[in-house]
file protein.txt (compact mmCIF, C-alpha atoms)
# COMPACT_ATOMS: atom_id res chain seq x y z
CA MET A 10 57.82 74.08 9.83
CA ASN A 11 55.68 77.25 10.02
CA LYS A 12 53.64 78.21 13.07
CA THR A 13 50.29 77.25 11.46
CA ALA A 14 51.47 73.69 10.75
CA GLU A 15 52.91 73.36 14.23
CA LYS A 16 49.57 74.44 15.71
CA LYS A 17 47.61 71.85 13.70
CA ALA A 18 50.06 69.11 14.63
CA ARG A 19 49.78 70.02 18.28
CA LYS A 20 45.94 69.84 18.13
CA LYS A 21 46.04 66.41 16.44
CA LYS A 22 48.38 64.95 19.01
CA SER A 23 46.28 66.15 21.95
CA PHE A 24 42.95 64.35 20.79
CA HIS A 25 41.08 62.41 23.57
CA ILE A 26 37.89 60.21 23.32
CA GLY A 27 36.55 61.91 26.41
CA GLY A 28 36.50 65.10 24.50
CA LEU A 29 33.71 63.68 22.32
CA PHE A 30 31.30 63.94 25.23
CA TYR A 31 31.70 67.70 25.05
CA ASN A 32 30.21 67.46 21.55
CA ASN A 33 26.40 67.79 21.74
CA LYS A 34 25.74 65.88 18.49
CA PHE A 35 27.91 62.95 19.60
CA VAL A 36 26.26 62.83 23.00
CA MET A 37 22.78 62.76 21.42
CA ALA A 38 23.67 59.93 19.02
CA PHE A 39 25.40 57.95 21.75
CA SER A 40 22.39 58.32 24.07
CA LEU A 41 19.99 57.03 21.42
CA LEU A 42 22.18 54.00 20.63
CA ALA A 43 22.58 53.13 24.31
CA ALA A 44 18.83 53.42 24.90
CA LEU A 45 18.13 51.15 21.94
CA ILE A 46 20.60 48.52 23.12
CA LEU A 47 19.16 48.67 26.61
CA TRP A 48 15.63 48.32 25.26
CA PHE A 49 16.56 45.25 23.21
CA PHE A 50 18.30 43.72 26.18
CA MET A 51 15.33 44.34 28.46
CA ALA A 52 12.86 43.13 25.85
CA PHE A 53 14.83 39.94 25.22
CA ASN A 54 14.86 39.13 28.91
CA ASN A 55 11.35 40.36 29.66
CA THR A 56 9.43 37.20 28.79
CA GLU A 57 6.49 38.38 30.87
CA ASN A 58 5.52 41.01 28.31
CA PHE A 59 7.42 39.84 25.23
CA PRO A 60 6.56 36.16 24.43
CA VAL A 61 9.19 33.64 23.36
CA VAL A 62 8.40 32.00 20.00
CA ILE A 63 8.62 28.18 19.68
CA ARG A 64 8.40 27.20 16.02
CA ASP A 65 7.68 23.91 14.21
CA VAL A 66 5.68 22.30 16.98
CA PRO A 67 3.91 19.23 15.47
CA ALA A 68 0.14 19.08 15.92
CA THR A 69 -1.74 15.77 16.23
CA ILE A 70 -4.65 15.79 13.78
CA GLN A 71 -7.52 13.69 15.08
CA LEU A 72 -11.28 13.30 15.06
CA PRO A 73 -13.54 12.48 18.00
CA GLU A 74 -13.66 8.74 18.75
CA SER A 75 -17.33 8.62 17.76
CA ALA A 76 -16.45 9.80 14.25
CA GLN A 77 -13.47 7.45 14.00
CA GLY A 78 -15.76 4.55 14.89
CA THR A 79 -17.84 5.19 11.75
CA GLY A 80 -14.75 4.91 9.54
CA LEU A 81 -14.26 8.63 8.96
CA LYS A 82 -10.73 10.03 8.89
CA VAL A 83 -8.93 13.29 8.18
CA PHE A 84 -7.28 13.43 4.76
CA THR A 85 -5.97 17.01 4.89
CA PRO A 86 -4.07 18.22 6.66
CA THR A 87 -2.45 14.95 7.75
CA GLU A 88 0.52 16.84 9.21
CA GLN A 89 0.65 20.35 10.63
CA LYS A 90 3.39 22.32 12.38
CA VAL A 91 2.43 25.36 14.41
CA THR A 92 4.10 28.27 16.21
CA VAL A 93 3.53 28.58 19.95
CA TYR A 94 4.10 31.81 21.94
CA LEU A 95 5.11 31.42 25.62
CA LYS A 96 5.22 33.91 28.51
CA GLY A 97 6.57 33.59 32.02
CA ASN A 98 9.75 33.09 33.94
CA SER A 99 12.63 33.85 31.62
CA LEU A 100 14.75 30.86 32.61
CA SER A 101 11.81 28.46 32.44
CA VAL A 102 10.52 29.77 29.11
CA ARG A 103 13.90 29.49 27.44
CA SER A 104 14.33 25.90 28.60
CA ILE A 105 11.19 24.70 26.78
CA LYS A 106 11.62 23.05 23.37
CA ALA A 107 9.14 22.03 20.66
CA GLU A 108 9.15 18.42 21.89
CA ASP A 109 7.97 19.59 25.33
CA ILE A 110 4.68 20.89 23.91
CA GLU A 111 1.64 18.85 22.84
CA VAL A 112 -0.81 20.29 20.31
CA THR A 113 -4.08 18.53 19.46
CA THR A 114 -7.16 19.40 17.44
CA GLN A 115 -10.67 19.76 18.76
CA VAL A 116 -13.50 19.80 16.21
CA GLN A 117 -16.05 22.49 16.99
CA GLN A 118 -19.07 20.73 15.52
CA ALA A 119 -20.50 17.22 15.27
CA VAL A 120 -18.77 15.14 12.60
CA SER A 121 -21.67 13.40 10.85
CA GLY A 122 -20.18 12.52 7.48
CA PRO A 123 -17.75 13.57 4.73
CA GLY A 124 -17.07 17.30 4.52
CA SER A 125 -14.98 20.19 5.87
CA TYR A 126 -14.89 20.86 9.60
CA LEU A 127 -13.28 23.63 11.67
CA ALA A 128 -11.03 22.56 14.52
CA THR A 129 -9.30 24.64 17.17
CA LEU A 130 -5.83 23.80 18.44
CA ASN A 131 -5.37 22.86 22.07
CA VAL A 132 -1.87 23.41 23.49
CA ARG A 133 -0.44 21.99 26.70
CA PHE A 134 2.90 21.10 28.20
CA LYS A 135 3.81 17.44 28.32
CA GLY A 136 5.41 17.92 31.75
CA TYR A 137 4.46 19.88 34.88
CA VAL A 138 5.16 23.60 34.34
CA THR A 139 3.96 26.29 36.78
CA ASP A 140 5.72 29.51 35.84
CA VAL A 141 5.12 29.52 32.05
CA GLU A 142 1.86 30.20 30.27
CA ILE A 143 0.81 29.74 26.66
CA ASP A 144 0.09 33.10 25.10
CA LYS A 145 -1.19 31.96 21.71
CA VAL A 146 -0.73 29.47 18.86
CA GLU A 147 -0.56 30.17 15.12
CA PRO A 148 -2.52 29.03 13.28
CA SER A 149 -5.21 28.72 15.91
CA ILE A 150 -7.87 27.12 13.68
CA LEU A 151 -7.55 24.40 11.02
CA THR A 152 -9.99 23.27 8.34
CA LEU A 153 -10.13 19.46 8.32
CA ASP A 154 -11.06 17.58 5.15
CA VAL A 155 -12.98 14.52 6.41
CA ASP A 156 -14.11 11.49 4.40
CA TYR A 157 -14.33 7.70 4.37
CA SER A 158 -11.38 5.70 3.07
CA ALA A 159 -11.80 3.92 -0.26
CA GLU A 160 -9.66 1.77 -2.53
CA LYS A 161 -10.32 0.72 -6.10
CA SER A 162 -8.37 -0.88 -8.95
CA PHE A 163 -8.47 0.55 -12.48
CA PRO A 164 -7.13 -0.96 -15.72
CA ILE A 165 -4.47 1.21 -17.34
CA SER A 166 -5.58 2.36 -20.78
CA THR A 167 -2.98 2.85 -23.54
CA THR A 168 -5.37 4.05 -26.26
CA GLY A 169 -3.45 7.32 -26.56
CA VAL A 170 -0.36 5.53 -27.94
CA THR A 171 -0.40 5.56 -31.77
CA ALA A 172 1.97 4.79 -34.64
CA SER A 173 2.03 3.71 -38.31
CA THR A 174 3.94 1.00 -40.16
CA ALA A 175 4.49 -0.71 -43.54
CA GLU A 176 1.93 -3.03 -45.20
CA ASN A 177 3.73 -6.26 -44.24
CA TYR A 178 3.81 -5.32 -40.56
CA PHE A 179 1.10 -5.08 -37.95
CA ILE A 180 0.97 -2.80 -34.93
CA SER A 181 -0.66 -4.62 -32.06
CA GLU A 182 -2.41 -2.93 -29.15
CA ALA A 183 -0.07 -1.23 -26.70
CA THR A 184 0.15 -2.85 -23.28
CA ALA A 185 1.09 -1.43 -19.90
CA SER A 186 3.04 -3.02 -17.08
CA PRO A 187 1.53 -3.10 -14.57
CA ASP A 188 -1.75 -3.43 -16.44
CA SER A 189 -3.77 -1.96 -13.55
CA VAL A 190 -3.30 0.47 -10.68
CA THR A 191 -4.86 0.50 -7.22
CA ILE A 192 -5.89 3.96 -6.00
CA SER A 193 -6.73 4.76 -2.40
CA GLY A 194 -7.86 7.94 -0.69
CA PRO A 195 -11.06 9.82 0.16
CA LYS A 196 -14.12 7.96 -1.09
CA THR A 197 -15.57 10.99 -2.87
CA ALA A 198 -12.28 11.48 -4.73
CA VAL A 199 -11.85 7.79 -5.60
CA ASP A 200 -15.45 7.56 -6.83
CA ASN A 201 -14.79 10.53 -9.11
CA ILE A 202 -12.17 8.57 -11.06
CA SER A 203 -13.50 7.06 -14.28
CA LYS A 204 -10.34 6.06 -16.15
CA VAL A 205 -6.56 5.83 -15.83
CA ILE A 206 -4.53 6.44 -18.99
CA THR A 207 -0.92 6.61 -20.08
CA ASP A 208 0.55 9.60 -21.91
CA GLU A 209 -0.84 10.34 -25.36
CA ILE A 210 2.01 9.98 -27.85
CA ASP A 211 2.44 9.36 -31.60
CA LEU A 212 5.57 7.30 -32.27
CA GLY A 213 5.46 7.97 -36.02
CA ASN A 214 6.35 5.31 -38.62
CA ILE A 215 7.96 2.28 -36.97
CA GLN A 216 8.96 -1.25 -38.02
CA GLU A 217 9.97 -2.65 -34.66
CA SER A 218 8.44 -2.86 -31.21
CA LYS A 219 8.81 0.16 -28.95
CA LYS A 220 9.00 0.38 -25.16
CA PHE A 221 8.95 3.48 -22.98
CA THR A 222 8.01 4.70 -19.51
CA SER A 223 4.84 6.75 -19.19
CA ASN A 224 3.17 8.81 -16.48
CA LEU A 225 -0.34 7.91 -15.39
CA THR A 226 -3.21 10.38 -15.67
CA LEU A 227 -6.55 10.15 -13.86
CA LEU A 228 -9.72 11.20 -15.69
CA ASP A 229 -13.28 11.78 -14.53
CA ALA A 230 -16.41 10.72 -16.40
CA ASN A 231 -16.22 13.85 -18.58
CA GLY A 232 -12.60 13.23 -19.56
CA ASN A 233 -11.25 15.97 -17.34
CA GLN A 234 -7.90 15.43 -15.66
CA ILE A 235 -7.94 14.84 -11.92
CA GLU A 236 -5.14 16.18 -9.75
CA ASP A 237 -5.60 15.37 -6.07
CA ASP A 238 -2.71 15.08 -3.60
CA ARG A 239 -4.94 13.07 -1.27
CA LEU A 240 -4.94 10.10 -3.66
CA THR A 241 -2.30 7.39 -3.38
CA LEU A 242 -1.46 5.23 -6.42
CA SER A 243 0.13 1.78 -6.23
CA ALA A 244 2.21 2.86 -9.25
CA GLU A 245 2.96 6.37 -10.47
CA LYS A 246 4.30 5.22 -13.86
CA ALA A 247 3.88 2.30 -16.26
CA GLU A 248 6.14 0.58 -18.77
CA VAL A 249 4.35 0.77 -22.13
CA THR A 250 5.12 -1.71 -24.92
CA LEU A 251 3.86 -1.21 -28.48
CA PRO A 252 4.43 -4.52 -30.35
CA VAL A 253 5.19 -4.45 -34.07
CA LEU A 254 4.62 -7.89 -35.65
CA LEU A 255 5.09 -9.52 -39.06
CA ARG A 256 1.95 -9.94 -41.13
CA LYS A 257 1.54 -13.19 -43.13
CA SER A 258 -1.03 -15.65 -44.45
CA VAL A 259 -0.58 -19.25 -43.28
CA PRO A 260 -2.37 -22.37 -44.71
CA PHE A 261 -4.49 -24.79 -42.68
CA VAL A 262 -3.75 -28.51 -42.37
CA VAL A 263 -6.50 -31.06 -41.67
CA ASN A 264 -5.75 -33.88 -39.22
CA PHE A 265 -7.61 -37.13 -38.50
CA THR A 266 -7.75 -39.77 -35.78
CA ASN A 267 -8.57 -43.49 -36.25
CA GLN A 268 -7.82 -43.16 -39.95
CA PRO A 269 -7.66 -46.52 -41.78
CA ALA A 270 -4.07 -47.50 -42.46
CA GLY A 271 -4.62 -47.94 -46.18
CA LEU A 272 -6.56 -44.73 -46.73
CA VAL A 273 -4.74 -41.68 -48.07
CA LEU A 274 -6.83 -38.58 -48.67
CA GLY A 275 -5.35 -36.49 -51.46
CA ALA A 276 -5.72 -32.73 -51.91
CA ASP A 277 -8.74 -33.29 -54.16
CA ALA A 278 -10.51 -35.26 -51.41
CA VAL A 279 -10.24 -32.56 -48.70
CA LYS A 280 -11.55 -29.04 -49.16
CA ILE A 281 -10.84 -26.37 -46.52
CA SER A 282 -12.71 -23.06 -46.49
CA PRO A 283 -11.02 -20.69 -45.93
CA SER A 284 -7.81 -22.45 -46.86
CA GLN A 285 -5.53 -20.02 -45.03
CA ILE A 286 -5.55 -17.38 -42.31
CA GLU A 287 -3.88 -13.99 -42.01
CA LEU A 288 -1.87 -13.74 -38.81
CA ALA A 289 0.47 -11.35 -37.04
CA GLY A 290 3.40 -12.68 -35.06
CA THR A 291 7.15 -12.68 -34.57
CA GLU A 292 9.64 -14.09 -37.06
CA GLU A 293 10.40 -16.94 -34.66
CA LEU A 294 6.70 -17.80 -34.36
CA PHE A 295 6.19 -17.96 -38.13
CA ALA A 296 9.38 -20.03 -38.55
CA ALA A 297 8.06 -22.59 -36.05
CA ASN A 298 4.57 -22.68 -37.56
CA GLN A 299 4.62 -22.97 -41.35
CA ALA A 300 0.98 -24.11 -41.22
CA ILE A 301 -1.86 -24.14 -38.71
CA ASN A 302 -2.93 -27.63 -37.68
CA LEU A 303 -6.66 -27.99 -37.18
CA ASP A 304 -8.16 -30.03 -34.36
CA PRO A 305 -8.40 -33.64 -35.60
CA ILE A 306 -11.59 -35.15 -37.06
CA ASP A 307 -12.36 -38.66 -35.79
CA PHE A 308 -13.10 -41.10 -38.62
CA SER A 309 -15.84 -42.62 -36.46
CA SER A 310 -17.85 -39.45 -37.23
CA ILE A 311 -17.32 -39.60 -41.03
CA SER A 312 -19.75 -41.17 -43.50
CA PRO A 313 -20.94 -40.41 -47.05
CA ASP A 314 -23.91 -38.60 -45.50
CA ASN A 315 -21.86 -36.83 -42.83
CA ASN A 316 -18.84 -35.40 -44.62
CA ILE A 317 -18.94 -31.67 -43.80
CA PHE A 318 -17.38 -30.47 -40.54
CA GLU A 319 -17.08 -27.10 -38.81
CA VAL A 320 -13.66 -27.23 -37.13
CA PRO A 321 -12.66 -24.59 -34.53
CA ILE A 322 -9.30 -22.86 -34.94
CA SER A 323 -6.71 -23.16 -32.17
CA LEU A 324 -3.80 -20.80 -32.78
CA PRO A 325 -0.38 -21.24 -31.15
CA SER A 326 0.20 -18.77 -28.33
CA GLY A 327 1.55 -15.44 -29.54
CA PHE A 328 -0.31 -15.24 -32.87
CA LYS A 329 -2.91 -12.56 -33.46
CA ASN A 330 -5.87 -13.45 -35.70
CA LEU A 331 -6.20 -10.50 -38.10
CA ARG A 332 -9.39 -11.69 -39.84
CA SER A 333 -11.29 -12.90 -36.77
CA VAL A 334 -11.75 -16.31 -38.38
CA ASN A 335 -12.73 -18.69 -35.57
CA SER A 336 -13.49 -21.87 -37.50
CA VAL A 337 -13.11 -23.44 -40.93
CA GLN A 338 -15.34 -25.76 -42.92
CA VAL A 339 -13.80 -29.07 -43.95
CA THR A 340 -15.57 -30.98 -46.74
CA LEU A 341 -14.52 -34.56 -47.58
CA ASN A 342 -15.07 -35.97 -51.05
CA LEU A 343 -16.24 -39.57 -50.42
CA GLU A 344 -17.33 -40.34 -53.96
CA GLY A 345 -17.30 -44.13 -54.48
CA TYR A 346 -17.76 -44.81 -50.75
CA THR A 347 -20.84 -46.51 -49.29
CA THR A 348 -21.97 -48.18 -46.05
CA LYS A 349 -22.70 -51.72 -44.91
CA ARG A 350 -24.37 -53.01 -41.72
CA LEU A 351 -22.62 -55.89 -39.97
CA VAL A 352 -23.22 -57.66 -36.65
CA VAL A 353 -19.95 -58.15 -34.76
CA SER A 354 -19.65 -60.81 -32.05
CA ASN A 355 -15.87 -61.14 -31.80
CA PHE A 356 -14.45 -59.02 -28.92
CA LYS A 357 -11.12 -58.56 -27.19
CA THR A 358 -10.57 -56.75 -23.88
CA ASN A 359 -7.62 -54.37 -23.50
CA ASN A 360 -6.02 -52.43 -20.64
CA VAL A 361 -7.41 -54.64 -17.87
CA GLU A 362 -6.04 -53.60 -14.47
CA ASN A 363 -3.70 -56.02 -12.71
CA GLY A 364 -5.56 -58.42 -10.42
CA TYR A 365 -8.76 -58.32 -12.47
CA THR A 366 -10.32 -60.48 -15.16
CA ALA A 367 -12.80 -59.21 -17.72
CA SER A 368 -15.39 -60.79 -19.96
CA VAL A 369 -17.76 -59.20 -22.50
CA LEU A 370 -21.39 -59.82 -21.63
CA SER A 371 -22.81 -58.39 -24.87
CA ASP A 372 -23.30 -61.14 -27.41
CA SER A 373 -22.97 -58.85 -30.41
CA VAL A 374 -23.06 -55.27 -31.65
CA ALA A 375 -24.55 -54.10 -34.94
CA ILE A 376 -22.26 -51.55 -36.59
CA ILE A 377 -22.12 -49.45 -39.73
CA VAL A 378 -18.98 -49.87 -41.82
CA VAL A 379 -17.92 -47.23 -44.36
CA GLY A 380 -15.61 -47.97 -47.26
CA PRO A 381 -15.15 -48.29 -51.03
CA GLU A 382 -17.83 -50.43 -52.68
CA ASP A 383 -15.33 -53.01 -53.91
CA GLN A 384 -13.93 -53.61 -50.39
CA LEU A 385 -17.31 -53.66 -48.64
CA GLU A 386 -18.67 -56.21 -51.08
CA ASP A 387 -16.46 -59.00 -49.72
CA LEU A 388 -16.30 -57.74 -46.10
CA THR A 389 -18.00 -59.88 -43.41
CA ALA A 390 -18.29 -59.73 -39.63
CA ASP A 391 -15.52 -62.31 -39.39
CA ASN A 392 -13.13 -59.62 -40.61
CA ILE A 393 -13.93 -57.39 -37.64
CA ILE A 394 -12.75 -57.54 -34.02
CA GLY A 395 -14.20 -55.26 -31.36
CA GLN A 396 -11.44 -53.79 -29.15
CA VAL A 397 -12.91 -53.12 -25.68
CA ASP A 398 -10.99 -50.49 -23.72
CA LEU A 399 -11.06 -51.00 -19.91
CA SER A 400 -8.68 -48.18 -18.96
CA GLY A 401 -9.46 -46.84 -15.50
CA LYS A 402 -11.98 -49.58 -14.66
CA GLU A 403 -11.01 -50.74 -11.16
CA VAL A 404 -14.34 -51.61 -9.52
CA ALA A 405 -15.49 -55.21 -9.68
CA GLY A 406 -18.91 -55.82 -11.17
CA HIS A 407 -20.78 -55.06 -14.37
CA THR A 408 -19.81 -51.96 -16.32
CA GLU A 409 -20.11 -50.37 -19.72
CA ALA A 410 -16.99 -49.81 -21.82
CA PRO A 411 -16.29 -48.19 -25.19
CA VAL A 412 -15.41 -50.41 -28.13
CA SER A 413 -13.56 -49.67 -31.37
CA PHE A 414 -13.27 -51.97 -34.34
CA GLY A 415 -10.28 -53.33 -36.19
CA ILE A 416 -11.07 -54.34 -39.75
CA SER A 417 -8.95 -56.80 -41.72
CA GLY A 418 -9.37 -57.23 -45.43
CA GLY A 419 -10.67 -53.69 -45.77
CA THR A 420 -7.68 -51.37 -45.55
CA LYS A 421 -9.77 -48.33 -46.48
CA CYS A 422 -12.80 -49.16 -44.31
CA TRP A 423 -13.81 -47.90 -40.88
CA ALA A 424 -16.67 -48.18 -38.38
CA TYR A 425 -19.03 -45.22 -38.31
CA GLY A 426 -20.54 -44.25 -34.95
CA VAL A 427 -19.86 -44.68 -31.23
CA TYR A 428 -20.42 -48.06 -29.59
CA THR A 429 -20.27 -49.61 -26.12
CA VAL A 430 -20.62 -53.15 -24.70
CA ASN A 431 -21.43 -54.57 -21.27
CA VAL A 432 -18.48 -56.06 -19.43
CA SER A 433 -18.05 -58.08 -16.27
CA LEU A 434 -14.99 -57.13 -14.24
CA GLN A 435 -13.95 -59.45 -11.44
CA LYS A 436 -11.04 -59.66 -9.02
CA GLN A 437 -8.85 -62.69 -9.51

call {"tool": "encode", "arguments": {"input": "protein.txt", "output": "structure tokens"}}
result
Amino acid sequence: MNKTAEKKARKKKSFHIGGLFYNNKFVMAFSLLAALILWFFMAFNNTENFPVVIRDVPATIQLPESAQGTGLKVFTPTEQKVTVYLKGNSLSVRSIKAEDIEVTTQVQQAVSGPGSYLATLNVRFKGYVTDVEIDKVEPSILTLDVDYSAEKSFPISTTGVTASTAENYFISEATASPDSVTISGPKTAVDNISKVITDEIDLGNIQESKKFTSNLTLLDANGNQIEDDRLTLSAEKAEVTLPVLLRKSVPFVVNFTNQPAGLVLGADAVKISPSQIELAGTEELFAANQAINLDPIDFSSISPDNNIFEVPISLPSGFKNLRSVNSVQVTLNLEGYTTKRLVVSNFKTNNVENGYTASVLSDSVAIIVVGPEDQLEDLTADNIIGQVDLSGKEVAGHTEAPVSFGISGGTKCWAYGVYTVNVSLQKQ
């Protein structure tokens, strides 16, 4: 090893940390770092001049009792967390937590109705504290949105749901479940709502019912969308169903009550206008209803002079009337039929309650009989018995009861009109 190398090795081996303090640059840097550390230490522990920060302290948002008594309430903000700065004894300050501090609002002006009001924040300790003071709170002022509470229900409109289909199908109106929504919130905001709709969507060409979930949109009177976090909806979404039904024409069938046993009305004797109705429904519904039965016509209302009837249509549940036909006209061909007046005095009481006896006080009833000329020619009052119905008659005394007429010897004849007789009902 040469002398230069030995000298360098000797210098390296004799290095000491203390020697650094003879280096002016090192001493300057070390002094600055030490001063900075000392400053941070003093600042951290000097809570008299450097406040301690308590974050996320909940504030109680409230109005004066006089305003609450009128029904006013704060809608925003409903929750608020603030930052509180504390000064004082270091040990005491550092022992205080967010839950030890109470923050309340104080409105700076009279609350006379809906509107925006400024409120300052009042801060105090929940317990007794003597050596800590509140330096400040951030934010120190809140803007309170004040209004009356309101609640209103709106039907859910599905008019924005569209589709197309083949000629032999029918797309019914889309329905929503639930079919209405209840909205609550500030009265001014609730009153601004004009309509609630589902999403606008075109499902294209379809041949079966469709179901999907849709968002709800609030609209004002001008059709503008309303977005307001202060409003609460009883449902945020709706299940939308768009029914696709079969489309068919179904014939009508005429029915009668009190029809004479021997009378059969052929197709040429009964005319129905219109004779059929166009409906929309499911396959199962059409399979169970090959024809639509009309409400029955009572033969007691039929005569040669009264043979045209307007009969209302009653559709089975589930059918949709595509032509808005609400009634049909039934015309009976009674050619060869005539009328005859007979005075009937032969009566029989039916459906007399147990423990009672009944007797007909009316001596006779004049009736009109309708039938073919050849049967009426030989028909007399002896061929007719008045059947008096006493169903539901349970009070002793004189009463009036309906009477129908059984006709023998005239299998195609019937009594035209409504008749009653006086009856005496007595307990046994």

call {"tool": "residues_around", "arguments": {"input": "protein.txt", "residues": "Arg133 in chain A", "least_positions_apart": "4", "cutoff": "10 Å", "atoms": "only C-alpha atoms", "output": "PyMOL selection string"}}
result
chain A and resi 109-113+137-138+142-143

call {"tool": "atom_distance", "arguments": {"input": "protein.txt", "atom1": "CA of Glu236 in chain A", "atom2": "CA of Glu248 in chain A"}}
result
21.3 Å

call {"tool": "residues_around", "arguments": {"input": "protein.txt", "residues": "range 396-401 of chain A", "least_positions_apart": "3", "cutoff": "8 Å", "atoms": "only C-alpha atoms", "output": "ChimeraX atom specification"}}
result
/A:356-362,410-415,430

call {"tool": "residues_around", "arguments": {"input": "protein.txt", "residues": "Val120 in chain A", "least_positions_apart": "3", "cutoff": "8 Å", "atoms": "only C-alpha atoms", "output": "list in words"}}
result
Pro73, Ala76, Val116 and Tyr126 of chain A

call {"tool": "closest_residue", "arguments": {"input": "protein.txt", "among": "A:Ser149, A:Thr340, A:Thr366, A:Ser203", "to": "Asn316 in chain A", "atoms": "all atoms listed in the file"}}
result
A:Thr340

call {"tool": "closest_residue", "arguments": {"input": "protein.txt", "among": "A:Glu386, A:Glu245, A:Glu108, A:Glu319", "to": "Arg350 in chain A", "atoms": "all atoms listed in the file"}}
result
A:Glu386

call {"tool": "atom_distance", "arguments": {"input": "protein.txt", "atom1": "CA of Leu254 in chain A", "atom2": "CA of Ala297 in chain A"}}
result
15.1 Å

call {"tool": "atom_distance", "arguments": {"input": "protein.txt", "atom1": "CA of Val427 in chain A", "atom2": "CA of Leu370 in chain A"}}
result
18.0 Å

call {"tool": "residues_around", "arguments": {"input": "protein.txt", "residues": "Gln117 in chain A", "least_positions_apart": "6", "cutoff": "10 Å", "atoms": "only C-alpha atoms", "output": "VMD selection string"}}
result
chain A and resid 126 to 129 150

call {"tool": "closest_residue", "arguments": {"input": "protein.txt", "among": "A:Val279, A:Val337, A:Leu288, A:Val102", "to": "Val61 in chain A", "atoms": "all atoms listed in the file"}}
result
A:Val102

call {"tool": "residues_around", "arguments": {"input": "protein.txt", "residues": "Lys145 in chain A", "least_positions_apart": "6", "cutoff": "12 Å", "atoms": "all atoms listed in the file", "output": "ChimeraX atom specification"}}
result
/A:60-63,91-96,112,129-133

call {"tool": "closest_residue", "arguments": {"input": "protein.txt", "among": "A:Thr168, A:Asn233, A:Ser282, A:Ser181", "to": "Leu331 in chain A", "atoms": "only C-alpha atoms"}}
result
A:Ser181

call {"tool": "closest_residue", "arguments": {"input": "protein.txt", "among": "A:Ala289, A:Ile301, A:Ala159, A:Val259", "to": "Thr241 in chain A", "atoms": "all atoms listed in the file"}}
result
A:Ala159

call {"tool": "closest_residue", "arguments": {"input": "protein.txt", "among": "A:Phe221, A:Tyr428, A:Trp423, A:Phe328", "to": "Val374 in chain A", "atoms": "all atoms listed in the file"}}
result
A:Tyr428

call {"tool": "residues_near_point", "arguments": {"input": "protein.txt", "point": "(-3.4, 6.9, -27.0)", "cutoff": "10 Å", "atoms": "all atoms listed in the file", "output": "VMD selection string"}}
result
chain A and resid 166 to 172 183 206 to 211

call {"tool": "axis_aligned_box", "arguments": {"input": "protein.txt", "around": "range 108-112 of chain A", "padding_each_side": "4 Å", "output": "AutoDock Vina command-line options"}}
result
--center_x 4.2 --center_y 19.7 --center_z 22.8 --size_x 18.0 --size_y 10.5 --size_z 13.0

call {"tool": "residues_near_point", "arguments": {"input": "protein.txt", "point": "(-12.7, -55.1, -37.7)", "cutoff": "10 Å", "atoms": "all atoms listed in the file", "output": "ChimeraX atom specification"}}
result
/A:353,355-356,378,388-396,413-419,422-424
